[in-house]
Structure formats: C-alpha cells, structure tokens
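The data block below is upload-v7.txt; it holds compact mmCIF, C-alpha atoms.
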```txt
# COMPACT_ATOMS: atom_id res chain seq x y z
CA MET A 29 -82.64 -57.71 8.76
CA ASP A 30 -79.38 -58.86 10.10
CA THR A 31 -76.48 -56.72 9.16
CA THR A 32 -72.98 -58.06 8.68
CA ILE A 33 -70.23 -55.60 9.47
CA CYS A 34 -67.14 -55.96 7.26
CA CYS A 35 -63.92 -54.09 6.78
CA PRO A 36 -63.11 -52.43 3.43
CA ASN A 37 -61.37 -55.65 2.31
CA GLY A 38 -64.51 -57.75 2.98
CA HIS A 39 -63.43 -59.42 6.19
CA PRO A 40 -66.39 -59.83 8.54
CA LEU A 41 -66.00 -58.37 11.96
CA PRO A 42 -67.11 -60.25 15.05
CA PRO A 43 -70.43 -59.25 16.60
CA GLY A 44 -70.47 -56.45 19.01
CA THR A 45 -67.64 -54.65 17.28
CA THR A 46 -69.80 -51.75 16.18
CA GLY A 47 -70.61 -50.73 19.65
CA GLU A 48 -67.04 -50.87 20.68
CA ARG A 49 -65.93 -48.71 17.70
CA PRO A 50 -63.11 -50.91 16.34
CA ARG A 51 -59.92 -49.21 15.31
CA CYS A 52 -58.68 -51.86 12.83
CA CYS A 53 -59.67 -55.14 11.24
CA PRO A 54 -58.42 -58.11 13.25
CA VAL A 55 -57.72 -60.04 10.01
CA CYS A 56 -55.99 -57.61 7.62
CA GLY A 57 -55.20 -54.78 10.02
CA VAL A 58 -56.91 -52.05 7.94
CA PRO A 59 -57.86 -49.09 10.18
CA LEU A 60 -61.58 -48.56 10.63
CA ALA A 61 -63.61 -45.50 11.47
CA LEU A 62 -67.18 -44.36 11.69
CA THR A 63 -68.78 -41.82 9.35
CA SER A 64 -69.31 -38.21 10.26
CA SER A 65 -72.92 -38.91 11.16
CA GLY A 66 -71.82 -41.47 13.71
CA SER A 67 -73.47 -44.53 11.93
CA PRO A 68 -71.79 -47.12 9.69
CA ARG A 69 -72.03 -46.97 5.90
CA VAL A 70 -74.27 -49.80 4.51
CA SER A 71 -74.01 -51.19 0.97
CA PRO A 72 -77.30 -50.73 -0.96
CA ASN A 73 -77.15 -54.13 -2.73
CA ASP A 74 -76.99 -56.35 0.30
CA ALA A 75 -77.14 -56.17 3.99
CA THR A 76 -73.41 -55.78 4.31
CA GLU A 77 -72.15 -52.90 6.40
CA VAL A 78 -68.76 -51.55 5.39
CA LEU A 79 -66.82 -49.39 7.80
CA PRO A 80 -64.83 -46.57 6.22
CA THR A 81 -61.06 -46.35 6.44
CA GLY A 82 -59.69 -44.14 9.23
CA PRO A 83 -56.26 -42.68 10.04
CA LEU A 84 -53.41 -44.96 10.93
CA PRO A 85 -53.02 -45.54 14.62
CA VAL A 86 -49.86 -44.67 16.41
CA ALA A 87 -48.94 -48.29 17.01
CA VAL A 88 -50.09 -51.02 14.60
CA SER A 89 -49.65 -54.62 15.51
CA LYS A 90 -48.38 -57.16 13.06
CA THR A 91 -51.18 -59.48 11.84
CA GLN A 92 -51.53 -62.38 9.55
CA VAL A 93 -52.44 -61.63 5.93
CA PRO A 94 -54.47 -64.19 4.01
CA ALA A 95 -52.80 -65.97 1.13
CA GLY A 96 -53.31 -64.31 -2.20
CA SER A 97 -54.19 -60.96 -0.61
CA ASP A 98 -52.63 -57.74 -1.91
CA THR A 99 -53.03 -56.10 1.44
CA GLN A 100 -49.83 -54.58 2.83
CA VAL A 101 -49.73 -54.41 6.57
CA LEU A 102 -47.69 -51.69 8.24
CA ASP A 103 -45.66 -52.83 11.16
CA LYS A 104 -44.30 -50.01 13.22
CA THR A 105 -41.71 -51.59 15.48
CA PRO A 106 -40.10 -49.67 18.36
CA ALA A 107 -36.93 -49.22 16.25
CA ALA A 108 -38.92 -47.68 13.40
CA ALA A 109 -40.75 -45.44 15.83
CA SER A 110 -37.50 -44.24 17.33
CA ALA A 111 -36.07 -43.60 13.84
CA GLU A 112 -39.16 -41.58 12.94
CA ASP A 113 -38.88 -39.62 16.14
CA ALA A 114 -35.23 -38.91 15.40
CA SER A 115 -36.07 -37.69 11.90
CA ARG A 116 -38.63 -35.25 13.21
CA PRO A 117 -37.30 -31.72 13.76
CA VAL A 118 -36.85 -31.09 17.44
CA PRO A 119 -37.71 -27.53 18.46
CA PRO A 120 -34.65 -25.93 20.03
CA ASP A 121 -34.93 -24.99 23.62
CA ALA A 122 -33.56 -21.81 25.20
CA ARG A 123 -30.32 -23.46 26.33
CA THR A 124 -29.59 -24.80 22.84
CA GLU A 125 -30.21 -21.37 21.32
CA GLU A 126 -27.92 -19.74 23.87
CA ILE A 127 -25.12 -22.23 23.20
CA SER A 128 -25.42 -21.78 19.42
CA ARG A 129 -25.43 -18.00 19.85
CA ASN A 130 -22.28 -18.18 21.98
CA GLU A 131 -20.62 -20.38 19.38
CA LYS A 132 -21.52 -17.94 16.64
CA GLU A 133 -20.15 -15.05 18.63
CA ALA A 134 -16.92 -16.92 19.25
CA THR A 135 -16.67 -17.84 15.58
CA GLY A 136 -17.34 -14.25 14.58
CA GLN A 137 -14.63 -13.07 16.95
CA ASN A 138 -12.17 -15.55 15.45
CA ASP A 139 -13.13 -14.40 11.98
CA ALA A 140 -12.58 -10.79 13.05
CA ASP A 141 -9.16 -11.72 14.43
CA GLN A 142 -8.28 -13.46 11.18
CA SER A 143 -9.50 -10.46 9.16
CA ASP A 144 -7.44 -8.15 11.37
CA GLU A 145 -4.39 -10.31 10.79
CA SER A 146 -5.05 -10.35 7.06
CA GLU A 147 -5.40 -6.55 7.03
CA LEU A 148 -1.98 -6.04 8.63
CA PRO A 149 0.42 -4.24 6.24
CA LEU A 150 2.72 -6.60 4.41
CA GLU A 151 6.47 -6.15 4.32
CA PRO A 152 8.72 -6.86 1.36
CA GLN A 153 10.71 -10.04 1.84
CA TYR A 154 14.16 -11.36 0.84
CA GLY A 155 16.02 -8.39 2.36
CA PHE A 156 14.17 -5.71 0.39
CA ALA A 157 12.24 -4.23 3.33
CA GLY A 158 15.06 -1.79 4.12
CA VAL A 159 15.39 -0.84 0.46
CA TYR A 160 11.64 -0.24 0.22
CA HIS A 161 11.67 2.09 3.22
CA GLY A 162 14.98 3.70 2.26
CA LEU A 163 13.65 4.77 -1.11
CA ILE A 164 11.03 6.95 0.56
CA TRP A 165 13.83 8.96 2.21
CA HIS A 166 15.41 9.48 -1.20
CA TYR A 167 11.98 10.54 -2.42
CA TYR A 168 11.91 13.21 0.28
CA LYS A 169 15.41 14.30 -0.69
CA ILE A 170 14.48 14.77 -4.34
CA ALA A 171 11.28 16.55 -3.31
CA ALA A 172 13.37 18.94 -1.18
CA MET A 173 15.69 19.62 -4.11
CA LEU A 174 12.68 20.25 -6.34
CA LEU A 175 11.34 22.73 -3.80
CA VAL A 176 14.76 24.41 -3.73
CA MET A 177 14.59 24.95 -7.48
CA ILE A 178 11.14 26.51 -7.13
CA LEU A 179 12.33 28.79 -4.33
CA VAL A 180 15.34 29.84 -6.38
CA ALA A 181 13.03 30.76 -9.24
CA VAL A 182 10.89 32.83 -6.86
CA ALA A 183 14.00 34.56 -5.43
CA VAL A 184 15.27 35.40 -8.90
CA ALA A 185 11.85 36.79 -9.87
CA LEU A 186 11.81 38.98 -6.75
CA HIS A 187 15.35 40.21 -7.44
CA LEU A 188 14.50 41.13 -11.01
CA TYR A 189 11.36 42.89 -9.83
CA ARG A 190 13.38 45.01 -7.43
CA GLN A 191 15.51 46.15 -10.36
CA THR A 192 12.48 47.84 -11.90
CA GLN A 193 12.59 50.51 -9.16
CA PRO A 194 9.12 50.05 -7.61
CA PRO A 195 7.91 52.21 -4.71
CA ALA A 196 9.97 52.09 -1.55
CA TRP A 197 7.54 50.02 0.53
CA ILE A 198 7.11 47.49 -2.30
CA ARG A 199 10.87 47.28 -2.75
CA LEU A 200 11.32 46.67 0.98
CA THR A 201 8.63 43.99 0.99
CA ALA A 202 10.17 42.28 -2.04
CA LYS A 203 13.62 42.35 -0.43
CA THR A 204 12.28 40.84 2.79
CA ALA A 205 10.47 38.14 0.86
CA GLU A 206 13.62 37.43 -1.13
CA TRP A 207 15.62 36.96 2.06
CA VAL A 208 12.98 34.63 3.52
CA VAL A 209 12.82 32.56 0.35
CA THR A 210 16.62 32.38 0.15
CA LEU A 211 16.86 31.25 3.77
CA ALA A 212 14.25 28.54 3.19
CA ALA A 213 16.19 27.38 0.14
CA PHE A 214 19.42 27.14 2.18
CA VAL A 215 17.61 25.13 4.89
CA LEU A 216 16.32 22.68 2.29
CA VAL A 217 19.77 22.46 0.70
CA ALA A 218 21.17 21.49 4.11
CA ALA A 219 18.34 18.99 4.77
CA ALA A 220 18.59 17.22 1.42
CA PRO A 221 21.97 15.47 2.09
CA ALA A 222 20.75 14.34 5.52
CA LEU A 223 17.62 12.79 4.01
CA GLY A 224 19.68 11.12 1.31
CA LEU A 225 22.12 9.76 3.90
CA VAL A 226 19.33 8.13 5.91
CA GLY A 227 17.86 6.63 2.75
CA SER A 228 21.21 5.29 1.56
CA ILE A 229 21.89 3.68 4.93
CA ARG A 230 18.50 1.96 4.82
CA CYS A 231 19.17 0.78 1.26
CA LEU A 232 22.41 -0.92 2.34
CA THR A 233 20.33 -3.98 3.24
CA VAL A 234 19.94 -4.83 -0.45
CA PRO A 235 20.86 -8.50 -1.07
CA ARG A 236 24.28 -9.24 -2.51
CA GLU A 237 22.83 -11.17 -5.43
CA ALA A 238 21.05 -8.02 -6.68
CA ARG A 239 23.79 -7.42 -9.27
CA SER A 240 26.16 -4.58 -8.38
CA SER A 241 23.49 -2.44 -6.73
CA ARG A 242 25.11 -2.87 -3.30
CA SER A 243 28.38 -1.29 -4.44
CA MET A 244 26.46 1.58 -6.04
CA ILE A 245 24.53 2.40 -2.89
CA CYS A 246 27.73 2.15 -0.85
CA GLY A 247 29.29 4.79 -3.10
CA ALA A 248 26.20 6.96 -2.73
CA THR A 249 26.39 6.64 1.07
CA VAL A 250 30.06 7.70 1.20
CA LEU A 251 29.43 10.72 -1.01
CA GLU A 252 26.34 11.68 1.02
CA VAL A 253 28.49 11.75 4.18
CA LEU A 254 31.22 13.73 2.42
CA GLY A 255 28.74 16.23 1.00
CA LEU A 256 27.11 16.74 4.40
CA VAL A 257 30.49 17.35 6.08
CA LEU A 258 31.57 19.80 3.37
CA LEU A 259 28.28 21.64 3.64
CA LEU A 260 28.72 22.02 7.40
CA ILE A 261 32.25 23.34 6.80
CA ALA A 262 30.91 25.84 4.29
CA VAL A 263 28.28 27.04 6.73
CA ALA A 264 30.87 27.32 9.51
CA GLY A 265 33.20 29.25 7.19
CA SER A 266 30.43 31.65 6.24
CA PHE A 267 29.93 32.48 9.92
CA GLY A 268 33.68 32.89 10.49
CA LEU A 269 34.02 29.79 12.66
CA VAL A 270 36.71 28.32 10.37
CA PRO A 271 39.65 30.48 9.19
CA ALA A 272 39.66 30.84 5.42
CA THR A 273 43.26 32.14 5.09
CA PRO A 274 46.50 31.20 6.83
CA VAL A 275 46.97 33.04 10.10
CA THR A 276 50.77 33.21 9.90
CA GLU A 277 53.38 32.52 7.32
CA SER A 278 54.69 29.58 9.31
CA ASP A 279 51.28 27.92 9.19
CA SER A 280 51.22 28.07 5.40
CA ALA A 281 54.71 26.64 5.13
CA GLN A 282 54.00 23.37 6.93
CA PRO A 283 55.47 20.19 5.42
CA GLY A 284 53.44 18.82 2.54
CA GLY A 285 51.24 21.89 2.31
CA ILE A 286 48.47 20.20 4.35
CA PHE A 287 47.32 23.48 5.81
CA ARG A 288 47.05 25.04 2.35
CA LEU A 289 44.96 22.09 1.23
CA ILE A 290 42.65 22.50 4.23
CA VAL A 291 42.32 26.23 3.54
CA TRP A 292 41.53 25.55 -0.10
CA ILE A 293 38.88 23.01 0.90
CA VAL A 294 37.33 25.51 3.31
CA ASP A 295 37.31 28.21 0.63
CA HIS A 296 35.62 25.92 -1.88
CA ALA A 297 33.58 23.81 0.53
CA LEU A 298 30.24 24.82 -0.94
CA ILE A 299 31.26 23.91 -4.50
CA LEU A 300 32.78 20.63 -3.31
CA ALA A 301 29.60 19.85 -1.37
CA LEU A 302 27.50 20.40 -4.48
CA LEU A 303 29.81 18.13 -6.48
CA ALA A 304 29.62 15.45 -3.77
CA ASN A 305 25.82 15.63 -3.82
CA LEU A 306 25.88 15.36 -7.61
CA GLY A 307 28.06 12.25 -7.33
CA ALA A 308 25.77 10.76 -4.69
CA LEU A 309 22.76 11.34 -6.91
CA SER A 310 24.59 9.72 -9.82
CA PHE A 311 25.42 6.63 -7.77
CA PHE A 312 21.83 6.45 -6.60
CA LEU A 313 20.55 6.50 -10.18
CA LEU A 314 22.99 3.71 -11.04
CA PHE A 315 21.71 1.81 -8.01
CA ALA A 316 18.13 2.21 -9.28
CA GLU A 317 19.22 1.12 -12.76
CA GLN A 318 20.88 -2.06 -11.46
CA LEU A 319 17.94 -2.85 -9.21
CA ASN A 320 15.48 -2.52 -12.09
CA ARG A 321 17.63 -4.84 -14.16
CA TYR A 322 17.63 -7.33 -11.30
CA PHE A 323 13.83 -7.35 -11.39
CA ARG A 324 13.94 -7.59 -15.22
CA ASP A 325 12.31 -4.21 -15.78
CA ARG A 326 14.43 -3.02 -18.67
CA THR A 327 12.24 -0.02 -19.42
CA SER A 328 12.72 1.51 -15.98
CA ALA A 329 16.42 0.60 -16.08
CA ALA A 330 16.84 2.50 -19.34
CA GLU A 331 14.91 5.43 -17.89
CA ALA A 332 17.22 5.53 -14.85
CA PHE A 333 20.30 5.57 -17.10
CA ALA A 334 18.76 8.32 -19.24
CA LEU A 335 18.03 10.37 -16.11
CA LEU A 336 21.70 10.04 -15.17
CA GLY A 337 22.71 11.64 -18.47
CA ARG A 338 20.12 14.38 -18.09
CA THR A 339 21.34 15.10 -14.57
CA TRP A 340 24.89 15.71 -15.78
CA ALA A 341 23.59 17.82 -18.66
CA VAL A 342 21.63 19.99 -16.22
CA ALA A 343 24.73 20.24 -14.01
CA ALA A 344 26.73 21.44 -16.99
CA GLY A 345 24.03 24.01 -17.67
CA TRP A 346 24.29 25.29 -14.11
CA VAL A 347 28.05 25.58 -14.52
CA ILE A 348 27.45 27.78 -17.56
CA VAL A 349 24.94 29.88 -15.65
CA GLY A 350 27.33 30.24 -12.71
CA THR A 351 30.14 31.24 -15.03
CA LEU A 352 27.96 33.89 -16.68
CA ILE A 353 26.91 35.27 -13.29
CA ALA A 354 30.55 35.45 -12.12
CA LEU A 355 31.54 37.11 -15.41
CA HIS A 356 28.73 39.63 -15.09
CA ALA A 357 29.83 40.50 -11.55
CA TRP A 358 33.48 40.90 -12.67
CA LEU A 359 32.40 43.14 -15.55
CA GLY A 360 30.39 45.24 -13.11
CA GLU A 361 33.47 45.74 -10.96
CA ASN A 362 35.58 46.67 -13.99
CA ARG A 363 33.01 48.59 -15.96
CA HIS A 364 35.49 51.41 -16.63
CA ARG A 365 37.75 49.04 -18.57
CA PHE A 366 35.15 47.51 -20.93
CA ASP A 367 32.26 48.65 -23.05
CA PRO A 368 28.96 48.54 -21.08
CA SER A 369 27.33 46.66 -23.94
CA ILE A 370 29.39 43.57 -23.02
CA ALA A 371 27.91 43.51 -19.53
CA LEU A 372 24.46 44.02 -21.03
CA GLY A 373 24.92 41.06 -23.38
CA VAL A 374 26.11 38.82 -20.56
CA GLY A 375 23.09 39.87 -18.53
CA LEU A 376 20.77 38.91 -21.39
CA PHE A 377 22.42 35.47 -21.57
CA ILE A 378 21.83 35.06 -17.84
CA VAL A 379 18.18 36.01 -18.22
CA ILE A 380 17.81 33.37 -20.97
CA THR A 381 19.87 30.51 -19.51
CA LEU A 382 18.77 30.77 -15.88
CA PRO A 383 15.06 30.00 -16.54
CA LEU A 384 16.10 27.17 -18.86
CA ALA A 385 18.35 25.70 -16.16
CA LEU A 386 15.57 25.96 -13.59
CA TRP A 387 13.03 24.35 -15.92
CA ALA A 388 15.45 21.53 -16.84
CA SER A 389 16.23 20.90 -13.17
CA ILE A 390 12.55 20.67 -12.27
CA TRP A 391 11.95 18.36 -15.23
CA VAL A 392 14.78 15.99 -14.25
CA LEU A 393 13.82 15.96 -10.58
CA ARG A 394 10.22 15.16 -11.50
CA GLY A 395 11.51 12.23 -13.53
CA ILE A 396 13.57 10.96 -10.60
CA LEU A 397 10.53 11.15 -8.34
CA ASP A 398 8.55 9.05 -10.82
CA LEU A 399 11.44 6.58 -11.04
CA ILE A 400 11.58 6.15 -7.26
CA GLY A 401 7.82 5.64 -7.10
CA SER A 402 7.85 2.98 -9.82
CA LEU A 403 10.82 1.22 -8.18
CA ARG A 404 9.05 1.06 -4.83
CA HIS A 405 5.97 -0.35 -6.56
CA LEU A 406 8.11 -2.93 -8.35
CA ILE A 407 9.74 -4.04 -5.09
CA TRP A 408 6.33 -4.34 -3.47
CA VAL A 409 4.94 -6.45 -6.31
CA LYS A 410 7.96 -8.73 -6.64
CA THR A 411 8.74 -9.39 -2.97
CA THR A 412 5.40 -9.51 -1.13
```
Translate the structure described by the file into structure tokens.
Amino acid sequence: MDTTICCPNGHPLPPGTTGERPRCCPVCGVPLALTSSGSPRVSPNDATEVLPTGPLPVAVSKTQVPAGSDTQVLDKTPAAASAEDASRPVPPDARTEEISRNEKEATGQNDADQSDESELPLEPQYGFAGVYHGLIWHYYKIAAMLLVMILVAVAVALHLYRQTQPPAWIRLTAKTAEWVVTLAAFVLVAAAPALGLVGSIRCLTVPREARSSRSMICGATVLEVLGLVLLLIAVAGSFGLVPATPVTESDSAQPGGIFRLIVWIVDHALILALLANLGALSFFLLFAEQLNRYFRDRTSAAEAFALLGRTWAVAAGWVIVGTLIALHAWLGENRHRFDPSIALGVGLFIVITLPLALWASIWVLRGILDLIGSLRHLIWVKTT
C-alpha cells in the first residue's frame, strides 16, 4: 500500500522526504520530526502518514501560506535574531567583573568620604560660634566657684572638729588637711576670674542685633579684668610685696590724696575683688537673660533674672556671716569688757548662718550651671 506523507496541516510532502528527514513543511513551514521509535506516525483510517511536530529551527524561512489558512508562519529575520540575542543575559566575563568591582570600591570610598564629611562636628552660625565656646569657659568658672564652696564647707568642718580637743595626732592631721583644703580653695578662687575672663572675651563675638547682650558681656569683661587685677594685688599685699601703709608722712600728704587711695585699695583689695567678681557674674546673668529673650525663650530668660536676684541675696547673706565672724573675733579680743554669753550667742549665729550661706551658694551655682547648659543647647539648636 502506498503511503502518502503529510504534514500536520495536511499538506502532502514530496516523495523521498522521509528518507531525508525533513525539518519543515515546504508549503506551510510547520516543523516536522520523527517519533521516538524512528518511524513516522500513520493514521489508522487511511494510508496517510502524518509527521509529528518538532522544535522550531534556529532559522525559519518565510513561505507562502495558502488562502484561507489559519497557519501563522514565524519569520525570524536577522534583525529579530539580533534583538533576541541582545535580550538574552550575557554572562559577565572576568574583566567585566573586575571593572564593576573597582567601580563599587570607588563608589564605596566616595560614600565613606561623604559620610566622614557629614560626621564632622557642626559649628553654630551667624556669629554665635564664639558665644557657644565662650559659655563653656563660664561653665568652668561656675564649677570652680562651686568647688570652692564645697572646700570651704570641708575647712569649716575640720576647724570645728579641732575645737573638740581630739588626740594630738588627730588634731595635727586635721590642721594639715585644713591648710591643704584652704590652699586649694584659694587656688580655685584665683583661677575663677581667669576662666571667666577668657569666656567673656570669647562671648564678645555676639551679634549686635542680639538685643543689648553685647553691652552686658562688655561690662562683664571689664569687671573680670578689674577683679583679676585686684586679686593679684591682694595676693601681693599678703606676701608683703606691696606696702599697705604710707612709708613716710610726706608720701601720705601728696596732692589729691592719691597715695592714700592706693593704700586703701591695697588694704581692701580682696573685698574689692570679690565685689568685682560679683558684678561680673551679675552682668553675665543679664547677658544670658538678654540672649534667651533674643531666641524667644522666655522661661530661661525669667530663670536667669531670678538667679540674679538669688545671687545678690546670697551675697547679702555672706555679708551677714562675715560681719558675725568679725564681731565674734572682736568680742574674743575684748572678752574682759563684755559678758562671755554675748560671744557665745554670736558663735551660735555663725554656726547657724554659715551652713545656710554655703547651702544657698551651692544651690544658686547649680542653677547657673543648668542655665549655661540650656543656653548652649539653645544656641546649638537655633544656629546650626
């Protein structure tokens, strides 16, 4: 029986095609393939041999399609083949991987440089950098004054303990410790005006438009210089480097009494230095108050003004304590003229008022430290 070989669409194939293993139908272009057994598949109803459909070839030629046929012929032109090749993922070679790795390293280095630049510490702008750094010097000054108050309290406690008549070696140890503590307190008292002077000079860079804060810090700077000079004169006078009394009568009778004024200043240099430091601290608190108002922080401004009042109240308390101490010393020198109970009563007042003055001083100085810290934070937030 003769067998007709057809494609899946029914187009007969020319003779001899089976032996040559055709790849596609010459009429419709459908790809052809043999079965797994190697022989064509034959239809059971007739003697028609139908070749199964195979995979698409790499290159398919464009053929004619009969009219009325639904067959769609694929035409893979060179342009389409190149587009398909371009769409396929190309495996990277070693050189491409090396170049990409170098680019990533360079990009990572640039990112690290940018992160380093971003991590650099910021500086307050608009002329407030000097104020920001000057306030830390005032912070150190107030901390030194606070430490002075603590050392004074320790010295007073040691002095009172020595009055209880302890054993000789304990009394000697307490006296030595009292001298060491007193010396440390005097060193801090001398260092405090210097720290305040440096801070005030740095704060002079405050902008002019910041209300009247510039004039306040100028006043604080002048008084810091005056207080430091007076303190040096007091120290020199205590060591006998500056004469405290007129040498001759002719020196005291100079025109205008200038020499008498100088001698009086030398005699009271320590008190004048303390007053100058009090004035410098007052001007600094006014400076902080004006600066807080400039930044519209009314709460901190009110706190600075309240601290100014408390500072003067504590100063008045120290004046009372000093007066009581001087009175107690005078009564001790003239004990034969007065009843001893008077000296005892004055001593009790000293014992009561001195701890209160120390506690109030520590309380006020702690408040000033908090004020300086909040002002530095406000400058940082507003100007960076």
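Reported to one decimal place, the separation of atom CA of Ser266 of chain A from atom CA of Val294 of chain A is 9.7 Å.
The interatomic distance for the pair atom CA of Leu372 of chain A and atom CA of Leu384 of chain A works out to 18.9 Å.
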Per residue of segment 168-240 of chain A within 9 Å of segment 303-316 of chain A, note the shortest atom pair and the distance in Å to one decimal, counting all atoms listed in the file, and order the rows by chain and increasing residue number, as a Markdown table.
```
| residue | atom | partner | partner_atom | distance |
| --- | --- | --- | --- | --- |
| A:Pro221 | CA | A:Asn305 | CA | 7.1 |
| A:Gly224 | CA | A:Ala308 | CA | 8.6 |
| A:Ser228 | CA | A:Phe312 | CA | 8.3 |
| A:Ser240 | CA | A:Phe315 | CA | 7.8 |
```
Kindly assemble as a tab-separated table a list of the segment 334-399 of chain A residues that lie within 12 Å of segment 150-165 of chain A, each paired with its nearest atom pair and their distance in Å to one decimal, using only C-alpha atoms, sorted first by chain and then by ascending residue number.
```
residue	atom	partner	partner_atom	distance
A:Ile396	CA	A:Leu163	CA	11.3
A:Leu397	CA	A:Ile164	CA	9.9
A:Asp398	CA	A:Leu163	CA	11.8
A:Leu399	CA	A:Leu163	CA	10.3
```
Per residue of segment 298-339 of chain A within 7 Å of segment 386-392 of chain A, which atom pair is closest and at what distance in Å (one decimal), using all atoms listed in the file, listed by chain and increasing number, as a tab-separated table?
```
residue	atom	partner	partner_atom	distance
A:Leu335	CA	A:Val392	CA	6.8
A:Arg338	CA	A:Val392	CA	6.8
A:Thr339	CA	A:Val392	CA	6.6
```
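For the atom pair formed by atom CA of Thr204 of chain A and atom CA of Ala218 of chain A, the distance is 21.3 Å, given to one decimal.
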